[in-house]
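Heads up: the structure comes next, in structure tokens.
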Number of protein chains: 2
Amino acid sequence: MTGPIPSTNPVLPGEDFKEWHHALGGELTSVPDDSWKTVLEEKHPDMLHLLQFPYNGEPPKRLVTAKAVTSNPLHFVRNHGGIPIIEEDKWFLSLDGLVANPRKYTSRDIKDRSKFPQMEKSVTIQCSGTRRIEQISLYGGQQDEIPQAPWAEGAISTARYRGVSLKKIIKDCGGLVNGAKHLELYGAETYIKDLEAMNYVVSIPWTKVKANEVMLVWEMNGQPLPKIHGFPLRVIVLGYIGARSVKWVYRIKAIEQPSHGPIQKKEYLHFSQQVGKHNLKPTYGLQIQEMPVSSAIMSPWSKHVIIHNGRIHCKGWAYSGGGRWPERVELSSDSGFSWYEVPPENLSKKGRWTWRTWEMDHPCDVEGWVEIVCRCWDNALNTQPLTVRSAWNWGLHVTHSAHRISVYSINKSRAETQRRLNFLEERGIPLAPITRYEIVQTQTESEYDQYWREHEPRDPSD
Amino acid sequence: MTGPIPSTNPVLPGEDFKEWHHALGGELTSVPDDSWKTVLEEKHPDMLHLLQFPYNGEPPKRLVTAKAVTSNPLHFVRNHGGIPIIEEDKWFLSLDGLVANPRKYTSRDIKDRSKFPQMEKSVTIQCSGTRRIEQISLYGGQQDEIPQAPWAEGAISTARYRGVSLKKIIKDCGGLVNGAKHLELYGAETYIKDLEAMNYVVSIPWTKVKANEVMLVWEMNGQPLPKIHGFPLRVIVLGYIGARSVKWVYRIKAIEQPSHGPIQKKEYLHFSQQVGKHNLKPTYGLQIQEMPVSSAIMSPWSKHVIIHNGRIHCKGWAYSGGGRWPERVELSSDSGFSWYEVPPENLSKKGRWTWRTWEMDHPCDVEGWVEIVCRCWDNALNTQPLTVRSAWNWGLHVTHSAHRISVYSINKSRAETQRRLNFLEERGIPLAPITRYEIVQTQTESEYDQYWREHEPRDPSD
């Protein structure tokens, strides 16, 4: 059911998107090449490049949960256009729309501690497309992003950010006026939708800003924000999907209604299963903001052959959006009938805005193929639906069903299996691939006869 | 879950098997080429060649259930070696082992109505590997047949046979003696197992013969038995898997115990799910004889886009082994929660040894992807397990779970969908492939605004 992510790199080159940039001409002509150069400079050489341009990449499976905090070169990237190359001293941020006193801020203004108190937070950012590959493998969707990235379990990462609360900046502009209830965020990257070129624009509600849950940040894990992650300034919306944490932000506009920009209006929507290609309207969709509770097994991987002594070592992550956090992670090796709790001490530290990584020796008696399933309960006792189908929707967002992998279990705590392993080892016969036929005598003619002397025949005589 | 059968032809060439025949030399050198010539002469040009040598083929999906009786060129073929080219007047059948008077019979003897009364029967033959592709797509098995054919839903066919009851021949030899309880059947095709070359040999119990359920046949659908189907004489075991209906039969030996030949002893075994590659013993397996109740949807096909008026037309087959027959066929379009009966008049005629083909306009309200599931109840009220996993076993035999297909339902009984179809038709925009992104305005700016004026906002204000 859960097909593995392709191992080609890049998985998709994004030729259409490159050609549109070339066709637009001017400054945009060289953007695809420049952006790729930045990827090579700033990201880990082992990143899985799902889409070369606009760049979409996630860390390789073995590194996703290697540490509870992701290093900058390994942090996943979901870009919608080229990477803007911005000179910090020429850059400024405009605050306008329904604020008492519209203003412009330089980078120096924003970092000035005498004007704005600074804050630091550890934050997990998750793309609403995480684990989309599982929905794709069931049924293709609408390719609503151009082209749509087939994310695996790595479109989620955690970092520590330094910045200021957007609330302080709004206050510095004299506060909101005339019924403003939303903030429209403008990012400098190109965005192309239905052949129209524009910038990246979304909005967030004022209630979120008012609660000091929206940061403007310039530091990521103690280092200047990398170009690919939004230098010189990006938004971090705590507990919301990554799509709202606008990079290369240059304008924030106070407005009455949620943004009418196409990303807010037509993308990142969650449809009911009765909405498909031929009856879809944007207002049928729920705009995705907080992610529900979810989890993933990062080790072992599907189709692996595991030799073990009755317990399989498993590792992974668990996360819940909106300020909720994982309280309990459970594993099943009977497709979700009986569950074993990951010992609480095997989960990484709790944080209101962060995932928790976990590991466990999971009891598994089975000899042969086994499906290991993972689910999480958050502090509000939300848990995950059990099947990908139950999470399936036309836009292929929010794949939060219990995560399932299939591994071939060789349980050497069974004497018979241990004997066969010894036999193969003595003869230097490899165990993998499991589908290769081996000529191994498993029963002598006399053992076979002995069996039938001692047992009832295959068919009764009368 | 149910991956489609590959459309390449042949799916597998069988190079190893060809090379072994070349290496054995002598008469066997030219067998792969000669056999392929026979395939081209005797089989329908649209057959799906799963394995070129030894030849394994099934009719293309659209023709499997086109008629309740399969024409000879379309009947599925599961050969284990080369096709023997036998001159009928030089051929004879030996009856020996534990019979009172061992004898040899020419073709003329067997067809002599004054010696043996003739019988005609309509018989469905099914390979125990039918629908194996569904198990393969979940988890690979042991490649226990060399190489293993990835059968789809077409390894089942029905024909009318003329011949004699094997019981009459045994009686003609004076009957069984000295505790004989099984008949070992020898076919002239080559069979290679663990690099040993031999003929095809299996056995069946005397009880089956005694009940007149084992025929020796020379006529198939009113025509001489084709070379590829066993000319001049083959066995037809009513209600058993095809593997027991030995083709090109030249010897029948009465024995005490089931055959120790590798096909009976090591192949066509059904293992529990705790038996895998590293603890397998032949005696852990149940020798497969009768097939359980099963069914398949032959139209529509998985991944098809269906435009309909609230009902999807479905066609397929249903079968139960051992002399049982389908009594009720049911379809579900909600993954097996609620079921609709195929009207009894829409099933082909009942027969004790035959499948029933069926068709139905199945109610389907859904807009979008829908899983249509089919199951059958036989006259003993046996029915099918619901998931492929529940049927999975290391040998990948007996895939009898409820058959599932995924189709994209466009329900034009919904006014909104009909309007969109008209819109696309007027502009000549094709409906397929469903995954292609179309730039279609689905809501005007003012309709969008209107919606939000009339509804509660995305986020509450307090």
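Labels used: A, B, ... for chains in the order of the structure tokens, numbers from 1 for residues in each chain, and numbers from 1 for ligands as shown.
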Proximal residues of chain A relative to chain B (only C-alpha atoms; 6 Å) as an MDAnalysis selection string: chainID A and resid 140:143 194 274 276 278:279 281 367:368 417 420 435 437 439 442
Can I get the selection written as an mmCIF file, in the first residue's frame, with N, CA and C atoms?
```
data_model
loop_
_atom_site.group_PDB
_atom_site.id
_atom_site.type_symbol
_atom_site.label_atom_id
_atom_site.label_comp_id
_atom_site.auth_asym_id
_atom_site.auth_seq_id
_atom_site.Cartn_x
_atom_site.Cartn_y
_atom_site.Cartn_z
ATOM 1 N N GLY A 140 -4.113 8.817 -8.142
ATOM 2 C CA GLY A 140 -3.555 10.120 -8.510
ATOM 3 C C GLY A 140 -4.532 11.221 -8.156
ATOM 4 N N GLY A 141 -4.024 12.403 -7.950
ATOM 5 C CA GLY A 141 -4.884 13.524 -7.563
ATOM 6 C C GLY A 141 -4.998 14.529 -8.673
ATOM 7 N N GLN A 142 -4.982 15.800 -8.326
ATOM 8 C CA GLN A 142 -5.270 16.818 -9.318
ATOM 9 C C GLN A 142 -4.020 17.529 -9.815
ATOM 10 N N GLN A 143 -2.836 17.089 -9.337
ATOM 11 C CA GLN A 143 -1.620 17.836 -9.652
ATOM 12 C C GLN A 143 -1.833 19.317 -9.388
ATOM 13 N N ASP A 194 -1.879 28.821 -13.247
ATOM 14 C CA ASP A 194 -2.704 28.964 -14.449
ATOM 15 C C ASP A 194 -2.072 29.959 -15.420
ATOM 16 N N GLN A 274 -16.193 13.499 -1.855
ATOM 17 C CA GLN A 274 -17.144 13.610 -2.959
ATOM 18 C C GLN A 274 -16.804 14.762 -3.894
ATOM 19 N N GLY A 276 -14.308 16.014 -6.711
ATOM 20 C CA GLY A 276 -13.294 15.526 -7.640
ATOM 21 C C GLY A 276 -13.037 16.561 -8.709
ATOM 22 N N HIS A 278 -14.313 17.089 -11.534
ATOM 23 C CA HIS A 278 -15.399 17.624 -12.352
ATOM 24 C C HIS A 278 -16.521 18.270 -11.578
ATOM 25 N N ASN A 279 -16.321 18.488 -10.283
ATOM 26 C CA ASN A 279 -17.317 19.279 -9.544
ATOM 27 C C ASN A 279 -16.635 20.163 -8.504
ATOM 28 N N LYS A 281 -14.981 23.218 -6.567
ATOM 29 C CA LYS A 281 -14.958 24.679 -6.445
ATOM 30 C C LYS A 281 -14.096 25.004 -5.231
ATOM 31 N N GLU A 367 7.033 -15.061 11.530
ATOM 32 C CA GLU A 367 8.032 -15.505 10.554
ATOM 33 C C GLU A 367 7.427 -15.224 9.185
ATOM 34 N N GLY A 368 8.022 -14.310 8.437
ATOM 35 C CA GLY A 368 7.464 -13.974 7.122
ATOM 36 C C GLY A 368 7.139 -12.493 7.051
ATOM 37 N N THR A 417 14.176 -21.761 12.514
ATOM 38 C CA THR A 417 14.682 -20.677 11.674
ATOM 39 C C THR A 417 16.177 -20.490 11.929
ATOM 40 N N ARG A 420 18.133 -23.041 10.062
ATOM 41 C CA ARG A 420 18.216 -22.771 8.618
ATOM 42 C C ARG A 420 19.219 -21.640 8.339
ATOM 43 N N THR A 435 13.148 -12.951 -2.615
ATOM 44 C CA THR A 435 12.370 -13.586 -3.687
ATOM 45 C C THR A 435 13.206 -14.528 -4.542
ATOM 46 N N TYR A 437 14.926 -17.807 -5.609
ATOM 47 C CA TYR A 437 14.713 -19.214 -5.285
ATOM 48 C C TYR A 437 16.059 -19.855 -4.958
ATOM 49 N N ILE A 439 17.941 -23.563 -4.006
ATOM 50 C CA ILE A 439 17.765 -25.011 -3.955
ATOM 51 C C ILE A 439 18.319 -25.484 -2.617
ATOM 52 N N THR A 442 14.934 -29.297 2.307
ATOM 53 C CA THR A 442 14.317 -28.903 3.565
ATOM 54 C C THR A 442 13.799 -30.116 4.330
#
```
Residues near Pro343 of chain A, cut-off 10 Å, only C-alpha atoms, skip fewer than 3 positions along chain, as a list in words: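 The contact residues come out as Arg328, Val329, Glu330, Tyr340, Asn346, Leu347, Trp358, Glu359, Met360 and Asp361 of chain A.
A straight line drawn from atom CA of Lys115 of chain B to atom CA of Val214 of chain B is 17.5 Å long.
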Option closest in space to Glu184 of chain A, from A:Glu42, A:Asp109, A:Glu120, A:Glu256 [counting only C-alpha atoms]: A:Glu256
Neighbour list for Trp317 of chain A as a PyMOL selection string, cut-off 8 Å, only C-alpha atoms, skip fewer than 5 positions in-chain: chain A and resi 65+295-298+355-358
Could the residues in this selection be saved with C-alpha atoms as a JSON list (two decimals), in the first residue's frame?
```
[["chain", "number", "residue", "atom", "x", "y", "z"],
["A", 65, "THR", "CA", 14.99, 11.52, 12.74],
["A", 295, "SER", "CA", 3.57, 9.96, 12.88],
["A", 296, "ALA", "CA", 5.93, 7.89, 10.74],
["A", 297, "ILE", "CA", 8.28, 4.93, 11.04],
["A", 298, "MET", "CA", 11.69, 5.93, 9.66],
["A", 355, "TRP", "CA", 7.66, 16.90, 17.06],
["A", 356, "ARG", "CA", 8.99, 14.08, 19.21],
["A", 357, "THR", "CA", 11.35, 11.46, 17.84],
["A", 358, "TRP", "CA", 11.09, 7.97, 19.29]]
```
Selection near Leu233 of chain A, 8 Å with only C-alpha atoms, sequence-local residues under 2 positions removed, as a PyMOL selection string: chain A and resi 216-218+225+230-231+235+247-249
Interatomic distance (Å, one decimal) between atom CA of His182 of chain B and atom CA of Lys253 of chain B: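 These two atoms are separated by 8.3 Å.
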Computed interatomic separation between atom CA of Arg234 of chain B and atom CA of Tyr161 of chain B (Å): 10.3 Å
All residues 12 Å or closer to Arg244 of chain B, only C-alpha atoms, same chain fewer than 3 positions away omitted, as an MDAnalysis selection string: chainID B and resid 78 125:128 183:187 200:205 208 214:215 234:241 247 249 259 263:264 267:268 287:291
Nearest to Gln52 of chain A by atom-to-atom distance, counting only C-alpha atoms, from A:Val11, A:Val77, A:Ile255, A:Cys364: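 With only C-alpha atoms as the atom set, the closest residue is A:Val11.
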Strand (DSSP E or B) call set, DSSP backbone run, segment 252-344 of chain A, as an MDAnalysis selection string: chainID A and resid 252:255 269:270 286:287 290 294:299 305:308 311:319 326:332 340:341
Since we have the selection now, will you write its residues out, keeping N, CA and C atoms, as a short mmCIF file (atom, residue, chain, number, x, y, z; two decimals), in the first residue's frame?
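The resulting again.cif:
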```
data_model
loop_
_atom_site.label_atom_id
_atom_site.label_comp_id
_atom_site.auth_asym_id
_atom_site.auth_seq_id
_atom_site.Cartn_x
_atom_site.Cartn_y
_atom_site.Cartn_z
N ILE A 252 3.73 43.05 4.56
CA ILE A 252 2.66 42.47 5.38
C ILE A 252 1.52 43.46 5.37
N LYS A 253 0.35 43.00 4.92
CA LYS A 253 -0.78 43.90 4.72
C LYS A 253 -1.95 43.45 5.59
N ALA A 254 -2.48 44.37 6.38
CA ALA A 254 -3.63 44.03 7.22
C ALA A 254 -4.90 44.13 6.38
N ILE A 255 -5.73 43.07 6.44
CA ILE A 255 -6.93 43.00 5.60
C ILE A 255 -8.11 42.46 6.40
N LEU A 269 -5.99 23.25 0.07
CA LEU A 269 -7.38 23.07 0.47
C LEU A 269 -7.62 21.58 0.74
N HIS A 270 -8.47 21.30 1.68
CA HIS A 270 -8.80 19.92 2.03
C HIS A 270 -10.25 19.69 1.64
N LEU A 286 -11.56 23.21 2.65
CA LEU A 286 -11.22 23.80 3.94
C LEU A 286 -9.77 24.26 3.84
N GLN A 287 -9.51 25.56 4.12
CA GLN A 287 -8.13 26.05 4.06
C GLN A 287 -7.32 25.38 5.18
N GLU A 290 -3.67 24.30 10.73
CA GLU A 290 -3.00 23.38 11.66
C GLU A 290 -3.00 21.97 11.08
N SER A 294 -0.01 13.15 13.70
CA SER A 294 0.47 12.14 12.75
C SER A 294 1.81 11.58 13.22
N SER A 295 2.32 10.61 12.49
CA SER A 295 3.57 9.96 12.88
C SER A 295 4.10 9.17 11.70
N ALA A 296 5.36 8.73 11.80
CA ALA A 296 5.93 7.89 10.74
C ALA A 296 7.05 7.03 11.31
N ILE A 297 7.18 5.84 10.72
CA ILE A 297 8.28 4.93 11.04
C ILE A 297 9.41 5.24 10.06
N MET A 298 10.58 5.61 10.55
CA MET A 298 11.69 5.93 9.66
C MET A 298 12.68 4.78 9.53
N SER A 299 12.61 3.82 10.44
CA SER A 299 13.46 2.65 10.37
C SER A 299 12.77 1.53 11.11
N VAL A 305 14.48 -6.87 4.87
CA VAL A 305 14.50 -8.18 5.52
C VAL A 305 15.16 -7.99 6.88
N ILE A 306 14.46 -8.32 7.96
CA ILE A 306 14.97 -8.06 9.31
C ILE A 306 15.21 -9.40 10.02
N ILE A 307 16.46 -9.66 10.40
CA ILE A 307 16.75 -10.83 11.23
C ILE A 307 16.77 -10.35 12.68
N HIS A 308 15.97 -10.95 13.54
CA HIS A 308 15.87 -10.45 14.91
C HIS A 308 15.59 -11.59 15.88
N ARG A 311 12.27 -9.23 18.60
CA ARG A 311 11.98 -7.80 18.72
C ARG A 311 12.63 -7.06 17.56
N ILE A 312 11.88 -6.19 16.92
CA ILE A 312 12.41 -5.41 15.79
C ILE A 312 12.61 -3.97 16.27
N HIS A 313 13.82 -3.45 16.08
CA HIS A 313 14.10 -2.08 16.52
C HIS A 313 13.51 -1.09 15.52
N CYS A 314 12.64 -0.20 16.01
CA CYS A 314 11.96 0.78 15.15
C CYS A 314 12.25 2.20 15.64
N LYS A 315 12.32 3.15 14.68
CA LYS A 315 12.54 4.57 15.00
C LYS A 315 11.58 5.42 14.17
N GLY A 316 11.28 6.63 14.66
CA GLY A 316 10.42 7.48 13.85
C GLY A 316 10.14 8.81 14.50
N TRP A 317 9.12 9.50 13.98
CA TRP A 317 8.70 10.79 14.54
C TRP A 317 7.20 10.79 14.80
N ALA A 318 6.77 11.75 15.63
CA ALA A 318 5.34 11.97 15.88
C ALA A 318 5.15 13.46 16.06
N TYR A 319 4.03 13.98 15.61
CA TYR A 319 3.81 15.42 15.63
C TYR A 319 2.32 15.72 15.68
N PRO A 326 2.70 15.23 20.91
CA PRO A 326 2.53 13.78 21.07
C PRO A 326 2.65 13.38 22.53
N GLU A 327 1.68 12.63 23.00
CA GLU A 327 1.75 12.11 24.37
C GLU A 327 2.10 10.62 24.37
N ARG A 328 1.59 9.89 23.37
CA ARG A 328 1.83 8.45 23.35
C ARG A 328 2.01 8.00 21.90
N VAL A 329 3.04 7.18 21.66
CA VAL A 329 3.25 6.59 20.34
C VAL A 329 3.09 5.09 20.50
N GLU A 330 2.41 4.45 19.54
CA GLU A 330 2.17 3.02 19.64
C GLU A 330 2.52 2.31 18.33
N LEU A 331 2.95 1.08 18.46
CA LEU A 331 3.25 0.25 17.29
C LEU A 331 2.41 -1.03 17.33
N SER A 332 2.06 -1.48 16.15
CA SER A 332 1.33 -2.75 16.00
C SER A 332 2.04 -3.56 14.95
N TYR A 340 1.39 -1.72 20.97
CA TYR A 340 2.38 -1.67 22.04
C TYR A 340 2.87 -0.23 22.18
N GLU A 341 2.91 0.25 23.39
CA GLU A 341 3.31 1.63 23.64
C GLU A 341 4.83 1.79 23.59
#
```
Arg103 of chain B environment, 7 Å, only C-alpha atoms, sequence neighbours closer than 5 positions dropped, as number ranges by chain: B: 94-96, 173
Which of segment 231-444 of chain B fall in alpha helix (DSSP H), as a PyMOL selection string: chain B and resi 262-266+388-391+415-426
